Structure formats: C-alpha cells, structure tokens
$ cat work_11.csv   # CSV, C-alpha atoms and all ligand atoms
chain,number,residue,atom,x,y,z
A,140,MET,CA,13.4,12.3,8.1
A,141,ASN,CA,13.6,11.6,11.8
A,142,THR,CA,11.2,10.7,14.7
A,143,ASP,CA,9.8,14.3,14.7
A,144,LYS,CA,9.6,14.9,11.0
A,145,LEU,CA,8.3,12.2,8.7
A,146,SER,CA,8.6,12.2,5.0
A,147,VAL,CA,5.4,13.4,3.2
A,148,ARG,CA,4.7,9.7,2.3
A,149,LEU,CA,5.0,8.4,5.9
A,150,ALA,CA,3.2,11.5,7.3
A,151,ALA,CA,0.3,10.6,5.0
A,152,VAL,CA,0.3,7.0,6.3
A,153,ALA,CA,0.4,8.3,9.9
A,154,LYS,CA,-2.7,10.4,9.3
A,155,TYR,CA,-4.8,7.2,9.0
A,156,VAL,CA,-3.8,5.6,12.2
A,157,PRO,CA,-6.7,6.2,14.6
A,158,ASN,CA,-6.1,8.0,17.9
A,159,GLY,CA,-5.3,5.6,20.7
A,160,ALA,CA,-4.6,2.7,18.3
A,161,ARG,CA,-2.6,-0.3,19.3
A,162,LEU,CA,-0.3,-0.4,16.3
A,163,ALA,CA,1.9,-2.9,14.6
A,164,ASP,CA,4.2,-1.3,12.0
A,165,ILE,CA,5.6,-4.1,9.9
A,166,GLY,CA,8.8,-3.5,8.0
A,167,SER,CA,9.5,-0.6,10.3
A,168,ASP,CA,13.1,0.0,9.4
A,169,HIS,CA,14.2,3.0,11.6
A,170,ALA,CA,10.8,2.8,13.5
A,171,TYR,CA,10.3,6.4,12.5
A,172,LEU,CA,6.5,5.9,12.1
A,173,PRO,CA,5.7,4.5,15.6
A,174,CYS,CA,8.2,6.8,17.3
A,175,TYR,CA,6.6,9.8,15.6
A,176,LEU,CA,3.1,8.7,16.6
A,177,ALA,CA,4.1,7.9,20.2
A,178,LYS,CA,5.9,11.3,20.6
A,179,ASN,CA,3.4,13.5,18.8
A,180,GLU,CA,0.0,11.8,18.8
A,181,GLY,CA,-0.1,10.0,22.1
A,182,LEU,CA,0.1,6.5,20.6
A,183,PRO,CA,-0.2,4.2,23.7
A,184,PHE,CA,1.3,0.9,22.3
A,185,ALA,CA,3.2,-0.2,19.2
A,186,ILE,CA,5.2,-3.1,17.8
A,187,ALA,CA,7.9,-2.3,15.3
A,188,GLY,CA,8.4,-5.5,13.3
A,189,GLU,CA,11.5,-6.1,11.1
A,190,VAL,CA,12.8,-9.1,9.3
A,191,ALA,CA,16.3,-7.8,8.6
A,192,ALA,CA,19.0,-7.4,11.2
A,193,GLY,CA,20.3,-4.0,10.2
A,194,PRO,CA,16.9,-2.2,10.2
A,195,PHE,CA,15.9,-4.1,13.3
A,196,GLN,CA,19.0,-2.7,15.2
A,197,SER,CA,18.4,0.8,13.9
A,198,ALA,CA,14.8,0.6,15.1
A,199,LYS,CA,16.0,-0.6,18.5
A,200,ARG,CA,18.5,2.2,18.7
A,201,ASN,CA,16.0,4.9,17.8
A,202,VAL,CA,13.3,3.6,20.3
A,203,LEU,CA,15.9,3.5,23.1
A,204,ALA,CA,17.3,7.0,22.2
A,205,GLU,CA,13.8,8.4,22.4
A,206,GLY,CA,13.1,6.7,25.7
A,207,LEU,CA,10.1,5.0,24.1
A,208,ASN,CA,10.8,1.4,25.3
A,209,ASP,CA,7.7,1.3,27.5
A,210,ILE,CA,5.5,2.1,24.5
A,211,ILE,CA,7.2,0.5,21.5
A,212,SER,CA,8.3,-3.1,21.4
A,213,VAL,CA,10.8,-3.7,18.6
A,214,ARG,CA,10.7,-7.3,17.4
A,215,MET,CA,12.6,-9.2,14.8
A,216,GLY,CA,10.6,-11.6,12.6
A,217,ASP,CA,8.9,-12.2,9.3
A,218,GLY,CA,5.7,-10.2,8.7
A,219,LEU,CA,2.9,-10.7,11.2
A,220,GLU,CA,4.7,-13.4,13.2
A,221,VAL,CA,6.0,-10.7,15.6
A,222,ILE,CA,2.4,-10.0,16.7
A,223,HIS,CA,0.7,-12.1,19.4
A,224,GLU,CA,-3.0,-12.7,18.7
A,225,GLY,CA,-5.2,-9.9,20.1
A,226,GLU,CA,-2.3,-7.5,20.7
A,227,VAL,CA,-3.0,-4.8,18.1
A,228,ASP,CA,-6.0,-3.2,16.4
A,229,CYS,CA,-4.2,-1.4,13.6
A,230,ILE,CA,-1.4,-2.5,11.2
A,231,THR,CA,0.7,-0.3,9.0
A,232,ILE,CA,2.9,-1.7,6.2
A,233,ALA,CA,4.6,0.9,4.0
A,234,GLY,CA,7.4,1.1,1.5
A,235,MET,CA,7.2,-2.4,-0.1
A,236,GLY,CA,5.6,-3.9,-3.2
A,237,GLY,CA,1.9,-4.6,-3.1
A,238,ALA,CA,2.4,-8.3,-3.8
A,239,LEU,CA,4.8,-8.6,-0.8
A,240,ILE,CA,2.3,-6.7,1.4
A,241,ALA,CA,-0.5,-9.0,0.3
A,242,SER,CA,1.6,-12.1,1.0
A,243,ILE,CA,2.5,-10.8,4.5
A,244,LEU,CA,-1.3,-10.4,5.2
A,245,GLU,CA,-2.1,-13.8,3.7
A,246,ASN,CA,0.6,-15.6,5.7
A,247,GLY,CA,-0.5,-13.9,9.0
A,248,LYS,CA,-4.3,-14.1,8.6
A,249,GLU,CA,-4.8,-15.5,12.1
A,250,LYS,CA,-3.3,-12.3,13.6
A,251,LEU,CA,-6.0,-10.1,12.0
A,252,SER,CA,-9.0,-11.1,14.1
A,253,SER,CA,-8.5,-8.2,16.5
A,254,VAL,CA,-7.4,-5.8,13.8
A,255,LYS,CA,-9.9,-3.1,12.8
A,256,ARG,CA,-7.8,-1.1,10.4
A,257,LEU,CA,-5.1,-1.7,7.8
A,258,VAL,CA,-3.1,1.2,6.4
A,259,LEU,CA,-1.0,0.0,3.5
A,260,GLN,CA,1.4,1.9,1.3
A,261,PRO,CA,2.6,-0.2,-1.7
A,262,ASN,CA,5.3,1.3,-3.9
A,263,ILE,CA,4.0,-0.7,-6.8
A,264,SER,CA,1.1,-3.1,-7.6
A,265,ALA,CA,-1.6,-1.7,-5.4
A,266,ILE,CA,-3.9,-4.0,-7.4
A,267,SER,CA,-2.5,-7.0,-5.4
A,268,ILE,CA,-3.8,-5.5,-2.2
A,269,ARG,CA,-7.2,-4.5,-3.6
A,270,LYS,CA,-7.6,-8.2,-4.8
A,271,TRP,CA,-6.5,-9.5,-1.4
A,272,PHE,CA,-9.1,-7.3,0.3
A,273,ILE,CA,-11.8,-8.7,-2.0
A,274,ASP,CA,-10.8,-12.3,-1.3
A,275,ASN,CA,-10.6,-11.7,2.4
A,276,SER,CA,-13.7,-9.5,3.2
A,277,TRP,CA,-11.8,-6.3,3.9
A,278,GLU,CA,-13.5,-3.2,2.6
A,279,LEU,CA,-11.3,-0.5,1.0
A,280,ILE,CA,-12.6,2.6,2.8
A,281,GLY,CA,-10.3,5.2,1.4
A,282,GLU,CA,-7.3,5.9,-0.8
A,283,GLU,CA,-4.7,8.6,-1.2
A,284,ILE,CA,-2.2,9.3,-4.0
A,285,LEU,CA,0.8,11.6,-3.6
A,286,GLU,CA,4.1,12.5,-5.1
A,287,GLU,CA,7.4,13.0,-3.3
A,288,ASP,CA,10.8,13.4,-4.8
A,289,GLY,CA,9.5,12.5,-8.3
A,290,LYS,CA,7.9,9.2,-7.1
A,291,ILE,CA,4.2,8.6,-6.9
A,292,TYR,CA,2.8,6.6,-4.0
A,293,GLU,CA,-0.6,5.2,-3.1
A,294,ILE,CA,-2.1,4.6,0.3
A,295,LEU,CA,-4.9,2.1,0.9
A,296,ILE,CA,-7.0,2.0,4.0
A,297,GLY,CA,-9.0,-1.1,4.8
A,298,GLU,CA,-11.6,-2.1,7.4
A,299,LYS,CA,-13.6,-5.3,7.7
A,300,GLY,CA,-16.8,-4.9,5.7
A,301,ASP,CA,-18.3,-5.3,2.3
A,302,PRO,CA,-15.3,-5.8,0.0
A,303,TYR,CA,-17.4,-5.1,-3.2
A,304,LYS,CA,-18.9,-1.8,-1.9
A,305,PRO,CA,-16.4,0.7,-3.5
A,306,TYR,CA,-16.2,-1.0,-6.9
A,307,SER,CA,-19.5,-0.2,-8.6
A,308,PRO,CA,-19.9,0.3,-11.6
A,309,ASN,CA,-16.5,-0.9,-13.0
A,310,GLN,CA,-14.7,-3.4,-10.8
A,311,ASP,CA,-11.8,-4.1,-13.3
A,312,LEU,CA,-11.0,-0.4,-13.5
A,313,GLY,CA,-11.4,0.1,-9.8
A,314,LEU,CA,-9.0,-2.8,-9.0
A,315,LEU,CA,-6.4,-1.5,-11.3
A,316,VAL,CA,-6.4,2.2,-10.5
A,317,GLY,CA,-8.3,2.5,-7.3
A,318,PRO,CA,-12.1,3.2,-7.0
A,319,PHE,CA,-11.6,6.4,-4.8
A,320,LEU,CA,-8.6,7.6,-6.8
A,321,VAL,CA,-10.4,7.3,-10.2
A,322,GLN,CA,-13.3,9.2,-8.8
A,323,LYS,CA,-11.2,12.0,-7.4
A,324,HIS,CA,-9.0,12.0,-10.6
A,325,ASP,CA,-6.5,14.6,-9.4
A,326,GLU,CA,-3.3,15.7,-11.2
A,327,THR,CA,-1.1,13.1,-9.5
A,328,PHE,CA,-3.5,10.3,-10.6
A,329,LYS,CA,-3.5,11.6,-14.2
A,330,LYS,CA,0.3,11.8,-14.2
A,331,LYS,CA,0.7,8.3,-12.9
A,332,TRP,CA,-1.6,6.6,-15.3
A,333,THR,CA,-0.5,8.6,-18.3
A,334,ALA,CA,3.0,7.4,-17.6
A,335,GLU,CA,1.9,3.8,-17.1
A,336,MET,CA,0.0,3.9,-20.4
A,337,LYS,CA,3.0,5.2,-22.3
A,338,ASN,CA,5.1,2.4,-20.7
A,339,TRP,CA,2.5,-0.3,-21.7
A,340,GLU,CA,2.4,1.1,-25.3
A,341,ARG,CA,6.2,0.8,-25.5
A,342,ILE,CA,6.1,-2.8,-24.3
A,343,TYR,CA,3.3,-3.5,-26.7
A,344,GLU,CA,5.3,-2.2,-29.7
A,345,ALA,CA,8.3,-4.2,-28.6
A,346,LEU,CA,6.1,-7.4,-28.4
A,347,GLU,CA,4.8,-6.7,-31.9
A,348,LYS,CA,8.4,-6.9,-33.2
A,349,ALA,CA,9.2,-10.0,-31.1
A,350,ALA,CA,8.7,-13.6,-32.3
A,351,GLN,CA,5.0,-14.4,-31.9
A,352,SER,CA,4.1,-17.1,-29.5
A,353,PRO,CA,0.9,-17.8,-27.5
A,354,GLU,CA,2.5,-16.1,-24.6
A,355,THR,CA,3.4,-12.9,-26.5
A,356,LEU,CA,-0.1,-12.8,-28.0
A,357,GLU,CA,-1.7,-13.2,-24.5
A,358,LYS,CA,0.6,-10.5,-23.1
A,359,ARG,CA,-0.4,-8.2,-26.0
A,360,GLN,CA,-4.0,-8.8,-25.3
A,361,GLU,CA,-3.6,-8.0,-21.6
A,362,LEU,CA,-1.8,-4.8,-22.5
A,363,ILE,CA,-4.6,-3.8,-25.0
A,364,ASP,CA,-7.2,-4.4,-22.3
A,365,LYS,CA,-5.4,-2.4,-19.7
A,366,ILE,CA,-4.7,0.5,-22.1
A,367,LYS,CA,-8.3,0.6,-23.1
A,368,LEU,CA,-9.5,0.6,-19.5
A,369,VAL,CA,-7.2,3.4,-18.3
A,370,LYS,CA,-7.5,5.5,-21.5
A,371,GLY,CA,-11.3,5.3,-21.1
A,372,ALA,CA,-11.1,6.5,-17.5
A,373,LEU,CA,-8.7,9.3,-18.3
A,374,THR,CA,-10.8,10.6,-21.2
A,375,ASP,CA,-14.2,10.1,-19.5
A,376,GLU,CA,-13.1,12.2,-16.6
A,377,ASP,CA,-11.4,14.8,-18.8
A,378,SER,CA,-14.4,15.4,-21.0
A,401,LIG,N1,8.2,1.1,6.4
A,401,LIG,C1,9.4,2.0,6.2
A,401,LIG,C2,9.0,3.1,5.3
A,401,LIG,O1,8.0,3.1,4.7
A,401,LIG,O2,9.8,4.1,5.2
A,401,LIG,C3,10.5,1.2,5.7
A,401,LIG,C4,10.4,0.7,4.3
A,401,LIG,S1,11.7,-0.2,3.8
A,401,LIG,C5,11.9,0.1,2.1
A,401,LIG,C6,11.0,-1.9,3.8
A,401,LIG,C7,11.4,-2.6,5.1
A,401,LIG,O3,10.6,-3.7,5.2
A,401,LIG,C8,12.9,-3.1,5.1
A,401,LIG,O4,13.5,-2.6,6.3
A,401,LIG,C9,12.7,-4.6,5.1
A,401,LIG,O5,13.7,-5.2,5.8
A,401,LIG,C10,11.4,-4.8,5.7
A,401,LIG,N2,10.7,-6.1,5.3
A,401,LIG,C11,10.6,-6.6,4.1
A,401,LIG,N3,9.9,-7.8,4.1
A,401,LIG,C12,9.5,-7.9,5.4
A,401,LIG,C13,8.8,-8.9,6.1
A,401,LIG,N4,8.3,-10.0,5.5
A,401,LIG,N5,8.6,-8.8,7.4
A,401,LIG,C14,9.1,-7.7,8.1
A,401,LIG,N6,9.8,-6.8,7.5
A,401,LIG,C15,10.0,-6.8,6.2

$ encode --input "work_11.csv" --output "structure tokens"
Amino acid sequence: MNTDKLSVRLAAVAKYVPNGARLADIGSDHAYLPCYLAKNEGLPFAIAGEVAAGPFQSAKRNVLAEGLNDIISVRMGDGLEVIHEGEVDCITIAGMGGALIASILENGKEKLSSVKRLVLQPNISAISIRKWFIDNSWELIGEEILEEDGKIYEILIGEKGDPYKPYSPNQDLGLLVGPFLVQKHDETFKKKWTAEMKNWERIYEALEKAAQSPETLEKRQELIDKIKLVKGALTDEDS
C-alpha cells in the first residue's frame, strides 16, 4: 500500500468520501487515505489526525514527500480534538474497533455540527457504531462488507437523518449484522456470520461445562438469543 495504491479495504472507504469534501481522517497512521484522495480525486482539504507519535511522524513524512502540505494538515491529538469547529464536512475513521470509534465520536460530539457524512470502518463490533448512530440521530445510509487477506471488514456510512429508518422490520437483527448487509446477504456476509455462530456455539458449550453462576447463565442466554437471530437470518435468506 502507498499513496497511489490503497488496500482494497481503504479503497472501499475512499469511495464513500464525497467529491470536494473537507475531510478529517482520524487515526490516519501513514496518511495514505487523505494523500490518495488529494492526489487522485482532487480532495481540496484534509486533516490527518493521529494520537500516537510514530504514526503521526510517518503521516507528516508522507504528506511532505508528496508535496501535499497545502492540502493536508497533519495534527497530533486524541480523536476529534484535532478538528476546529466547522472545519470539515466529512470524517473517516478506519481500522479500529467499533467501540473505540463510537467513543471517539461521543467524546467529540461538538465537532460534528458541520459534518454531513461519516465513513467508518470498524474491525470488530460494528454494532457499537450502529447503536451510537441511533442514540445520536445519525442515519445509517449504506454499508459494505468485504474480505481482504483472509479478514472480513465492514464499512458503515452515516448522515444526519432518521436513525430508525433502515431497521424495519427487525431492529435487533439489523443492529447486530447490519440492515443493508442482511438484505444483500452476499457470500462474505454468510461467511462472516457462519463463523461467528460457530464461535458462539463453542463458547456456549464451554459455559455449559463451567461452574454455573448468574453471570454464566446470563451469558448463555445472550448467546442463545444471538445464535437464534443470526441462524434465522441465514436460513430465511437461503430458503
Ligand atoms: N486508518 C488507518 C487504516 O485504516 O489503515 C490506520 C489504522 S491503525 C490500525 C489505527 C490508528 O489509529 C493507529 O495509528 C492509532 O495510533 C490511531 N488511533 C487510535 N486511537 C486514536 C484516537 N483516539 N485518536 C487518534 N488516533 C487514534
């Protein structure tokens, strides 16, 4: 991967950044995503935000080497604190856990007033982001699932709107697996949730053998509920 050729995962994220967006890429690491968009898609302005010194230096080096200093401002800081209010209209956050992405959004809420689109790529726990969208009146407007190097990734796109709109008729299932992804139900989706179900079944069997406590019973019930939901979705769509 470099500033001209993104990974399949980051290229998929890049696709959802609108033309002419003023972008903040949070957790930018090498700043590949904003550099690519500035070089190839005419991105007019971007902030590359990084909390860690090493990735921050590497982002700075790449932006300088590409002569993109006038377009991309590399800033060190935690989450959305690197953004001044009103500076950007699109935010990308990729390659972290869903709970961390949701906490970054939660802690920087006041910076979102000018933001029209969020493009988020959680490595795990996309449900944390879907729940944050519901609680904060962001509407999930699209989703993508893809596999690269044996790992499956989801991309969630949000805009301000009706947060409940995509979730009819089954909100619990939609929150867990993605309302657009369950509808499309492609091979990658089936592969991900078949593997997740097997994993839950293994955990369930281990819990059955463990000493029984209110916590293990509750955990077992949670697993039964999730397995039932996902199994139902996979079988419904297959039949
Ligand atoms: N976004 C790039 C990608 O998708 O390839 C880099 C992903 S890398 C695995 C995650 C990056 O997020 C790391 O460089 C880490 O330092 C940074 N990061 C983690 N928490 C952060 C936070 N609260 N604010 C800013 N950056 C953060």

$ closest_residue --input "work_11.csv" --among "A:Gln322, A:Val369, A:Asp311, A:Leu162" --to "Trp339 (chain A)" --atoms "only C-alpha atoms"
A:Val369

$ residues_near_ligand --input "work_11.csv" --ligand "ligand LIG 401 (chain A)" --cutoff "7 Å" --atoms "all atoms listed in the file" --output "PyMOL selection string"
chain A and resi 149+165-168+188-191+194+216-218+232-235+243

$ write_last_selection --input "work_11.csv" --atoms "C-alpha atoms" --output "mmCIF file, in the coordinates of the input"
data_model
loop_
_atom_site.group_PDB
_atom_site.id
_atom_site.type_symbol
_atom_site.label_atom_id
_atom_site.label_comp_id
_atom_site.auth_asym_id
_atom_site.auth_seq_id
_atom_site.Cartn_x
_atom_site.Cartn_y
_atom_site.Cartn_z
ATOM 1 C CA LEU A 149 5.000 8.400 5.900
ATOM 2 C CA ILE A 165 5.600 -4.100 9.900
ATOM 3 C CA GLY A 166 8.800 -3.500 8.000
ATOM 4 C CA SER A 167 9.500 -0.600 10.300
ATOM 5 C CA ASP A 168 13.100 0.000 9.400
ATOM 6 C CA GLY A 188 8.400 -5.500 13.300
ATOM 7 C CA GLU A 189 11.500 -6.100 11.100
ATOM 8 C CA VAL A 190 12.800 -9.100 9.300
ATOM 9 C CA ALA A 191 16.300 -7.800 8.600
ATOM 10 C CA PRO A 194 16.900 -2.200 10.200
ATOM 11 C CA GLY A 216 10.600 -11.600 12.600
ATOM 12 C CA ASP A 217 8.900 -12.200 9.300
ATOM 13 C CA GLY A 218 5.700 -10.200 8.700
ATOM 14 C CA ILE A 232 2.900 -1.700 6.200
ATOM 15 C CA ALA A 233 4.600 0.900 4.000
ATOM 16 C CA GLY A 234 7.400 1.100 1.500
ATOM 17 C CA MET A 235 7.200 -2.400 -0.100
ATOM 18 C CA ILE A 243 2.500 -10.800 4.500
#

$ closest_residue --input "work_11.csv" --among "A:Cys174, A:Ile222, A:Ala265, A:Ala372" --to "Ser252 (chain A)" --atoms "all atoms listed in the file"
A:Ile222

$ atom_distance --input "work_11.csv" --atom1 "CA of Arg341 (chain A)" --atom2 "CA of Ala241 (chain A)"
28.4 Å

$ residues_near_point --input "work_11.csv" --point "(-5.7, -1.1, -13.9)" --cutoff "12 Å" --atoms "all atoms listed in the file" --output "ChimeraX atom specification"
/A:264-267,269-270,309-318,320-321,331-333,335-336,339,361-373

$ write_last_selection --input "work_11.csv" --atoms "C-alpha atoms" --output "PDB file, in the coordinates of the input"
ATOM      1  CA  SER A 264       1.100  -3.100  -7.600  1.00  0.00           C
ATOM      2  CA  ALA A 265      -1.600  -1.700  -5.400  1.00  0.00           C
ATOM      3  CA  ILE A 266      -3.900  -4.000  -7.400  1.00  0.00           C
ATOM      4  CA  SER A 267      -2.500  -7.000  -5.400  1.00  0.00           C
ATOM      5  CA  ARG A 269      -7.200  -4.500  -3.600  1.00  0.00           C
ATOM      6  CA  LYS A 270      -7.600  -8.200  -4.800  1.00  0.00           C
ATOM      7  CA  ASN A 309     -16.500  -0.900 -13.000  1.00  0.00           C
ATOM      8  CA  GLN A 310     -14.700  -3.400 -10.800  1.00  0.00           C
ATOM      9  CA  ASP A 311     -11.800  -4.100 -13.300  1.00  0.00           C
ATOM     10  CA  LEU A 312     -11.000  -0.400 -13.500  1.00  0.00           C
ATOM     11  CA  GLY A 313     -11.400   0.100  -9.800  1.00  0.00           C
ATOM     12  CA  LEU A 314      -9.000  -2.800  -9.000  1.00  0.00           C
ATOM     13  CA  LEU A 315      -6.400  -1.500 -11.300  1.00  0.00           C
ATOM     14  CA  VAL A 316      -6.400   2.200 -10.500  1.00  0.00           C
ATOM     15  CA  GLY A 317      -8.300   2.500  -7.300  1.00  0.00           C
ATOM     16  CA  PRO A 318     -12.100   3.200  -7.000  1.00  0.00           C
ATOM     17  CA  LEU A 320      -8.600   7.600  -6.800  1.00  0.00           C
ATOM     18  CA  VAL A 321     -10.400   7.300 -10.200  1.00  0.00           C
ATOM     19  CA  LYS A 331       0.700   8.300 -12.900  1.00  0.00           C
ATOM     20  CA  TRP A 332      -1.600   6.600 -15.300  1.00  0.00           C
ATOM     21  CA  THR A 333      -0.500   8.600 -18.300  1.00  0.00           C
ATOM     22  CA  GLU A 335       1.900   3.800 -17.100  1.00  0.00           C
ATOM     23  CA  MET A 336       0.000   3.900 -20.400  1.00  0.00           C
ATOM     24  CA  TRP A 339       2.500  -0.300 -21.700  1.00  0.00           C
ATOM     25  CA  GLU A 361      -3.600  -8.000 -21.600  1.00  0.00           C
ATOM     26  CA  LEU A 362      -1.800  -4.800 -22.500  1.00  0.00           C
ATOM     27  CA  ILE A 363      -4.600  -3.800 -25.000  1.00  0.00           C
ATOM     28  CA  ASP A 364      -7.200  -4.400 -22.300  1.00  0.00           C
ATOM     29  CA  LYS A 365      -5.400  -2.400 -19.700  1.00  0.00           C
ATOM     30  CA  ILE A 366      -4.700   0.500 -22.100  1.00  0.00           C
ATOM     31  CA  LYS A 367      -8.300   0.600 -23.100  1.00  0.00           C
ATOM     32  CA  LEU A 368      -9.500   0.600 -19.500  1.00  0.00           C
ATOM     33  CA  VAL A 369      -7.200   3.400 -18.300  1.00  0.00           C
ATOM     34  CA  LYS A 370      -7.500   5.500 -21.500  1.00  0.00           C
ATOM     35  CA  GLY A 371     -11.300   5.300 -21.100  1.00  0.00           C
ATOM     36  CA  ALA A 372     -11.100   6.500 -17.500  1.00  0.00           C
ATOM     37  CA  LEU A 373      -8.700   9.300 -18.300  1.00  0.00           C
TER      38      LEU A 373
END

$ closest_residue --input "work_11.csv" --among "A:Leu295, A:Glu205, A:Ile211, A:Ala192" --to "Ile240 (chain A)" --atoms "all atoms listed in the file"
A:Leu295

$ closest_atom_pairs --input "work_11.csv" --of "region 146-249 of chain A" --to "region 281-291 of chain A" --cutoff "12 Å" --atoms "all atoms listed in the file" --output "Markdown table"
| residue | atom | partner | partner_atom | distance |
| --- | --- | --- | --- | --- |
| A:Ser146 | CA | A:Glu287 | CA | 8.4 |
| A:Val147 | CA | A:Glu287 | CA | 6.8 |
| A:Arg148 | CA | A:Glu287 | CA | 7.0 |
| A:Leu149 | CA | A:Glu287 | CA | 10.6 |
| A:Ala150 | CA | A:Leu285 | CA | 11.2 |
| A:Ala151 | CA | A:Glu283 | CA | 8.2 |
| A:Val152 | CA | A:Glu283 | CA | 9.2 |
| A:Lys154 | CA | A:Glu283 | CA | 10.8 |
| A:Tyr155 | CA | A:Gly281 | CA | 9.6 |
| A:Gly234 | CA | A:Ile291 | CA | 11.7 |

$ residues_around --input "work_11.csv" --residues "Ala160 (chain A)" --least-positions-apart "6" --cutoff "9 Å" --atoms "all atoms listed in the file" --output "PDB file with C-alpha atoms, keeping the file's coordinate frame"
ATOM      1  CA  LEU A 182       0.100   6.500  20.600  1.00  0.00           C
ATOM      2  CA  PRO A 183      -0.200   4.200  23.700  1.00  0.00           C
ATOM      3  CA  PHE A 184       1.300   0.900  22.300  1.00  0.00           C
ATOM      4  CA  ALA A 185       3.200  -0.200  19.200  1.00  0.00           C
ATOM      5  CA  VAL A 227      -3.000  -4.800  18.100  1.00  0.00           C
ATOM      6  CA  ASP A 228      -6.000  -3.200  16.400  1.00  0.00           C
ATOM      7  CA  CYS A 229      -4.200  -1.400  13.600  1.00  0.00           C
TER       8      CYS A 229
END

$ residues_around --input "work_11.csv" --residues "Leu257 (chain A)" --least-positions-apart "5" --cutoff "6 Å" --atoms "all atoms listed in the file" --output "list in words"
Cys229, Ile230, Ile296 and Gly297 of chain A

$ closest_residue --input "work_11.csv" --among "A:Leu203, A:Val254, A:Ala349, A:Ile210" --to "Pro173 (chain A)" --atoms "only C-alpha atoms"
A:Ile210

$ closest_residue --input "work_11.csv" --among "A:Lys330, A:His324, A:Arg161, A:Arg214" --to "Lys255 (chain A)" --atoms "all atoms listed in the file"
A:Arg161

$ residues_near_point --input "work_11.csv" --point "(-1.6, 11.1, 18.4)" --cutoff "9 Å" --atoms "only C-alpha atoms" --output "list in words"
Val156, Pro157, Asn158, Gly159, Ala160, Tyr175, Leu176, Ala177, Lys178, Asn179, Glu180, Gly181, Leu182 and Pro183 of chain A

$ atom_distance --input "work_11.csv" --atom1 "CA of His169 (chain A)" --atom2 "CA of Glu293 (chain A)"
21.0 Å

$ atom_distance --input "work_11.csv" --atom1 "CA of Leu219 (chain A)" --atom2 "CA of Leu239 (chain A)"
12.3 Å

$ closest_residue --input "work_11.csv" --among "A:Tyr303, A:Trp277, A:Tyr292, A:Phe195" --to "Pro261 (chain A)" --atoms "only C-alpha atoms"
A:Tyr292

$ build_atoms --input "work_11.csv" --residues "region 182-194 of chain A" --atoms "N, CA, C and O atoms" --output "compact mmCIF listing (two decimals), in the frame of the given file"
# COMPACT_ATOMS: atom_id res chain seq x y z
N LEU A 182 0.26 7.89 20.87
CA LEU A 182 0.10 6.50 20.60
C LEU A 182 0.40 5.67 21.88
O LEU A 182 1.51 5.80 22.40
N PRO A 183 -0.51 4.81 22.39
CA PRO A 183 -0.20 4.20 23.70
C PRO A 183 0.62 2.90 23.58
O PRO A 183 1.28 2.52 24.54
N PHE A 184 0.59 2.22 22.39
CA PHE A 184 1.30 0.90 22.30
C PHE A 184 1.64 0.66 20.82
O PHE A 184 0.78 0.86 19.95
N ALA A 185 2.86 0.21 20.56
CA ALA A 185 3.20 -0.20 19.20
C ALA A 185 4.23 -1.31 19.18
O ALA A 185 5.05 -1.43 20.09
N ILE A 186 4.13 -2.10 18.12
CA ILE A 186 5.20 -3.10 17.80
C ILE A 186 5.83 -2.60 16.53
O ILE A 186 5.14 -2.25 15.57
N ALA A 187 7.17 -2.55 16.54
CA ALA A 187 7.90 -2.30 15.30
C ALA A 187 8.50 -3.59 14.85
O ALA A 187 9.41 -4.12 15.51
N GLY A 188 7.99 -4.16 13.76
CA GLY A 188 8.40 -5.50 13.30
C GLY A 188 9.42 -5.33 12.15
O GLY A 188 9.20 -4.54 11.24
N GLU A 189 10.50 -6.09 12.21
CA GLU A 189 11.50 -6.10 11.10
C GLU A 189 12.09 -7.45 10.91
O GLU A 189 12.39 -8.16 11.86
N VAL A 190 12.26 -7.78 9.64
CA VAL A 190 12.80 -9.10 9.30
C VAL A 190 14.33 -9.06 9.15
O VAL A 190 14.99 -10.08 9.30
N ALA A 191 14.86 -7.88 8.87
CA ALA A 191 16.30 -7.80 8.60
C ALA A 191 17.07 -7.22 9.77
O ALA A 191 16.60 -6.30 10.45
N ALA A 192 18.28 -7.76 9.98
CA ALA A 192 19.00 -7.40 11.20
C ALA A 192 19.40 -5.93 11.27
O ALA A 192 19.22 -5.31 12.33
N GLY A 193 19.89 -5.36 10.15
CA GLY A 193 20.30 -4.00 10.20
C GLY A 193 19.19 -3.01 10.56
O GLY A 193 19.30 -2.26 11.54
N PRO A 194 18.08 -3.05 9.82
CA PRO A 194 16.90 -2.20 10.20
C PRO A 194 16.38 -2.46 11.56
O PRO A 194 15.96 -1.54 12.27
